[in-house]
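To start, the structure itself, in structure tokens.
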Amino acid sequence: MLQNSIEPDEFPTGENLISSIYLSAVKFLYPLPLTETYEMIVNEAIRLVKAESGSVFIFENNELNRVYSTLPRKFQIQPRPKGFTHQALVTKKTVVVPEEKFSAIHPQIKSRHTKSIVLIPLTNRNKSFGVVSIGSKEKAWINEDKVNILTLFGSIAALAIVKARLNKNLEDAVTNRDLFISLAGHELKNPVTALKGFSQLIFNKVIAGEKAPLTWYQRLYNGIEMLSRLITELFELNQIRAGKIRYLFRPFSFGEIVNLAVSETKLIHPDNKIIVKYGSANHSDMITGDSSRLFEVVNNLLNNAAKYSPEGSDINVYYKIDKGLLTFSVSDHGRGIKKEYISKIFNEFYRIPGQKGEGLGLGLFITKNIVDAHKGKIRISSKPSHGTKFTVILPTKPS
Ligand code: ADP
């Protein structure tokens with residue numbers, strides 16, 4: 001009997017059926033990118049049960065989103081939080097949407113003449129991660145055989161998606177590795193060359209009984225600072241990836257870490273003028289958080305402001321505490337960031353193309369992770385050729 005929910009083990013046997021499904025399965029043996037995999041899943045399902053349309057939904061970040069559809073206008077229709085698509089996802093069972101019901105739920109579907117829909121869960125290791133929906137214009141299109149074929153096909157489709165994801169991860173890992181090797185090689189070269197050159201120069205002076213100019217020591221310090229920053233960033237990237245980063249929350253003075261970061265930045269960028277303003281001067285600047293990690297946040301933003309603005313330009317630092325929130329901002333008069341890059345600069349190893357100035361593209365990735373761990377937010381406003389303002393908003397006592 002055809003029911004609303006059908007267990008996967010009710011699949012009928014038959015040679016034609018097996019060879020048809022086998023043909024589909026073989027197509028997924030070839031490595032395909034994710035979008036092509038979604039497309040092929042829907043097309044194969046349509047072919048297997050003589051349907052007309054289909055979509056793939058993937059559950060990510062607590063949301064079930066349509067990632068592919070043969071009918072692009074269906075992207076306007078979102079699955080309802082407790083609707084049939086979610087039912088297939090949660091119960092891990094194929095769901096046949098009763099014809100008399102779905103047109104009342106989504107009048108858009110009715111007007112577009114979809115008369116029958118089957119929803120197949122996508123599961124991996126007994127966890128469901130998505131749903132394939134297959135539809136037809138015909139009213140009495142769905143029958144028990146078709147449901148069983150689609151249910152069996154669902155496990156092939158799920159494996160195909162898992163495989164495509166693994167392929168993508170592998171490709172990303174190789175790209176990241178290549179990027180890392182070329183970036184790290186390039187970035188390590190500068191400080192090491194400076195360290196080698198200036199230590200040699202200083203050594204020669206000392207041997208000759210002469211004094212070395214202060215700026216040489218300064219260059220030596222800058223080289224060491226660059227190296228230690230690179231090492232810290234790589235170490236933290238590893239910790240973040242492994243989910244091993246530990247936070248020690250306790251009360252501390254935010255002003256103190258601002259002052260410390262300002263003096264460090266001045267050592268490396270002595271020509272920039274850093275103007276600090278505390279907007280709640282009459283109140284305590286104590287907040288609860290991991291002071292050394294938040295120091296990194298302040299330091300990264302200040303360092304970037306100096307790195308990506310002209311020498312000698314002003315950098316404004318502002319912070320205030322109001323209604324349980326700390327607002328901290330760093331504004332520069334530098335090159336700015338074009339709109340299209342703004343959403344990317346928090347990605348690991350991302351650097352804006354054609355970028356001058358040293359860096360691995362990890363500072364903002366780490367910064368955002370630290371801010372997230374403090375239940376805070378980070379915002380950017382930027383105007384190319386005019387400057388950039390990064391604002392961090394943190395609860396003064398994260399729960
Ligand atoms: P990096 O170590 O390369 O500076 P970040 O993660 O700190 O890495 O920054 C990512 C990219 O964002 C930088 O390479 C730079 O292109 C851009 N960026 C960051 N801060 C600024 C800024 N204040 N002004 C202009 N561009 C910036």
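The chains in the structure tokens are called A, B, ... from first to last as shown; in each chain the residues are counted from 1, and the ligands are counted from 1 in the order shown.
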So which residues are near ligand 1, meaning at most 7 Å away with only C-alpha atoms and all ligand atoms counted, given back as a PyMOL selection string?
chain A and resi 300-301+304-305+308-309+332+334-337+345-346+349-352+355+358-365+387-388
Selection: 9 Å around Ile58 of chain A, only C-alpha atoms, excl. self and same-chain fewer than 2 positions, as a list in words
Val56, Glu60, Glu63, Leu64, Asn65, Arg66, Val67, Leu122, Phe129, Gly130, Val131 and Val132 of chain A
Using DSSP secondary structure from the backbone, list all alpha helix (DSSP H) positions within segment 128-374 of chain A, as a ChimeraX atom specification.
/A:144-207,214-241,254-268,291-307,339-342,363-373
Between atom CA of Met40 of chain A and atom CA of Thr85 of chain A - distance in Å to one decimal:
20.1 Å
Tell me which protein, DNA and RNA residues are within 12 Å of segment 247-260 of chain A, counting only C-alpha atoms, leaving out same-chain ones fewer than 4 positions away, and put them as JSON, numbers by chain.
{"A": [239, 240, 243, 264, 265, 266, 267, 274, 275, 276, 277, 278, 279, 280, 281, 283, 284, 285, 286, 287, 288, 289, 290, 291, 292, 293, 294, 295, 296, 297, 298, 299, 300, 301, 302, 316, 317, 318, 319, 320, 321, 326, 327, 328, 329, 330, 369, 370, 371, 372, 373, 374, 394, 396, 397, 398, 399]}
Keeping only C-alpha atoms, write those residues as a PDB file, in the first residue's frame.
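selection00.pdb, freshly written:
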ATOM      1  CA  GLN A 239      44.428  25.178  16.405  1.00  0.00           C
ATOM      2  CA  ILE A 240      41.288  26.677  14.863  1.00  0.00           C
ATOM      3  CA  GLY A 243      38.957  22.978  17.133  1.00  0.00           C
ATOM      4  CA  GLU A 264      53.790  47.560  19.307  1.00  0.00           C
ATOM      5  CA  THR A 265      52.375  48.974  16.077  1.00  0.00           C
ATOM      6  CA  LYS A 266      54.358  52.186  16.572  1.00  0.00           C
ATOM      7  CA  LEU A 267      57.558  50.188  16.815  1.00  0.00           C
ATOM      8  CA  ILE A 274      47.832  56.584  15.991  1.00  0.00           C
ATOM      9  CA  ILE A 275      45.146  58.617  17.739  1.00  0.00           C
ATOM     10  CA  VAL A 276      43.303  56.781  20.523  1.00  0.00           C
ATOM     11  CA  LYS A 277      40.002  57.970  21.949  1.00  0.00           C
ATOM     12  CA  TYR A 278      38.026  56.345  24.741  1.00  0.00           C
ATOM     13  CA  GLY A 279      34.363  57.304  24.436  1.00  0.00           C
ATOM     14  CA  SER A 280      33.329  56.400  27.988  1.00  0.00           C
ATOM     15  CA  ALA A 281      36.127  58.180  29.808  1.00  0.00           C
ATOM     16  CA  HIS A 283      33.562  54.635  33.234  1.00  0.00           C
ATOM     17  CA  SER A 284      35.688  51.598  33.882  1.00  0.00           C
ATOM     18  CA  ASP A 285      37.049  49.898  30.773  1.00  0.00           C
ATOM     19  CA  MET A 286      36.932  46.416  32.344  1.00  0.00           C
ATOM     20  CA  ILE A 287      35.485  43.639  30.204  1.00  0.00           C
ATOM     21  CA  THR A 288      35.449  39.841  30.484  1.00  0.00           C
ATOM     22  CA  GLY A 289      37.245  37.894  27.787  1.00  0.00           C
ATOM     23  CA  ASP A 290      40.503  36.284  26.814  1.00  0.00           C
ATOM     24  CA  SER A 291      42.856  39.252  27.039  1.00  0.00           C
ATOM     25  CA  SER A 292      45.705  37.755  25.011  1.00  0.00           C
ATOM     26  CA  ARG A 293      43.376  36.698  22.172  1.00  0.00           C
ATOM     27  CA  LEU A 294      41.617  40.067  22.171  1.00  0.00           C
ATOM     28  CA  PHE A 295      45.030  41.707  22.139  1.00  0.00           C
ATOM     29  CA  GLU A 296      45.608  39.851  18.871  1.00  0.00           C
ATOM     30  CA  VAL A 297      42.351  41.251  17.487  1.00  0.00           C
ATOM     31  CA  VAL A 298      43.353  44.823  18.325  1.00  0.00           C
ATOM     32  CA  ASN A 299      46.899  44.240  17.133  1.00  0.00           C
ATOM     33  CA  ASN A 300      45.825  42.670  13.815  1.00  0.00           C
ATOM     34  CA  LEU A 301      43.413  45.485  12.991  1.00  0.00           C
ATOM     35  CA  LEU A 302      45.942  48.156  13.929  1.00  0.00           C
ATOM     36  CA  ASN A 316      42.083  56.514  14.541  1.00  0.00           C
ATOM     37  CA  VAL A 317      41.277  54.102  17.317  1.00  0.00           C
ATOM     38  CA  TYR A 318      38.017  54.537  19.187  1.00  0.00           C
ATOM     39  CA  TYR A 319      36.393  52.449  21.866  1.00  0.00           C
ATOM     40  CA  LYS A 320      33.509  52.841  24.236  1.00  0.00           C
ATOM     41  CA  ILE A 321      31.476  50.750  26.621  1.00  0.00           C
ATOM     42  CA  LEU A 326      32.125  47.229  23.944  1.00  0.00           C
ATOM     43  CA  THR A 327      32.493  48.974  20.581  1.00  0.00           C
ATOM     44  CA  PHE A 328      36.022  49.172  19.258  1.00  0.00           C
ATOM     45  CA  SER A 329      36.977  50.619  15.890  1.00  0.00           C
ATOM     46  CA  VAL A 330      40.123  51.225  13.857  1.00  0.00           C
ATOM     47  CA  ASN A 369      37.313  33.448  14.959  1.00  0.00           C
ATOM     48  CA  ILE A 370      38.339  35.182  18.183  1.00  0.00           C
ATOM     49  CA  VAL A 371      35.485  37.694  17.900  1.00  0.00           C
ATOM     50  CA  ASP A 372      33.007  34.859  17.253  1.00  0.00           C
ATOM     51  CA  ALA A 373      34.289  32.980  20.308  1.00  0.00           C
ATOM     52  CA  HIS A 374      33.489  36.098  22.364  1.00  0.00           C
ATOM     53  CA  LEU A 394      31.630  42.564  21.954  1.00  0.00           C
ATOM     54  CA  THR A 396      31.392  43.039  27.987  1.00  0.00           C
ATOM     55  CA  LYS A 397      30.410  39.814  29.766  1.00  0.00           C
ATOM     56  CA  PRO A 398      29.812  36.991  27.274  1.00  0.00           C
ATOM     57  CA  SER A 399      27.481  34.404  28.841  1.00  0.00           C
TER      58      SER A 399
END
Surrounding residues of Lys139 of chain A excluding itself and chain neighbours under 4 positions, 10 Å, only C-alpha atoms, as an mmCIF file with N, CA and C atoms, in the first residue's frame:
data_model
loop_
_atom_site.group_PDB
_atom_site.id
_atom_site.type_symbol
_atom_site.label_atom_id
_atom_site.label_comp_id
_atom_site.auth_asym_id
_atom_site.auth_seq_id
_atom_site.Cartn_x
_atom_site.Cartn_y
_atom_site.Cartn_z
ATOM 1 N N GLU A 99 -1.603 14.636 -2.995
ATOM 2 C CA GLU A 99 -1.951 15.611 -4.045
ATOM 3 C C GLU A 99 -2.905 16.676 -3.553
ATOM 4 N N HIS A 113 1.435 23.884 -12.315
ATOM 5 C CA HIS A 113 0.990 22.568 -12.785
ATOM 6 C C HIS A 113 1.831 21.393 -12.321
ATOM 7 N N THR A 114 2.463 21.501 -11.138
ATOM 8 C CA THR A 114 3.079 20.285 -10.592
ATOM 9 C C THR A 114 1.973 19.585 -9.809
ATOM 10 N N LYS A 115 1.716 18.354 -10.178
ATOM 11 C CA LYS A 115 0.550 17.700 -9.554
ATOM 12 C C LYS A 115 0.961 16.648 -8.516
ATOM 13 N N SER A 116 2.187 16.135 -8.638
ATOM 14 C CA SER A 116 2.615 15.119 -7.669
ATOM 15 C C SER A 116 4.067 15.382 -7.286
ATOM 16 N N ILE A 117 4.375 15.132 -6.023
ATOM 17 C CA ILE A 117 5.766 15.302 -5.563
ATOM 18 C C ILE A 117 6.150 14.154 -4.628
#
Can you check which residues of segment 127-291 of chain A DSSP gives as strand (DSSP E or B) on the backbone and send them as a ChimeraX atom specification?
/A:127-136,250-253,273-278,286-289
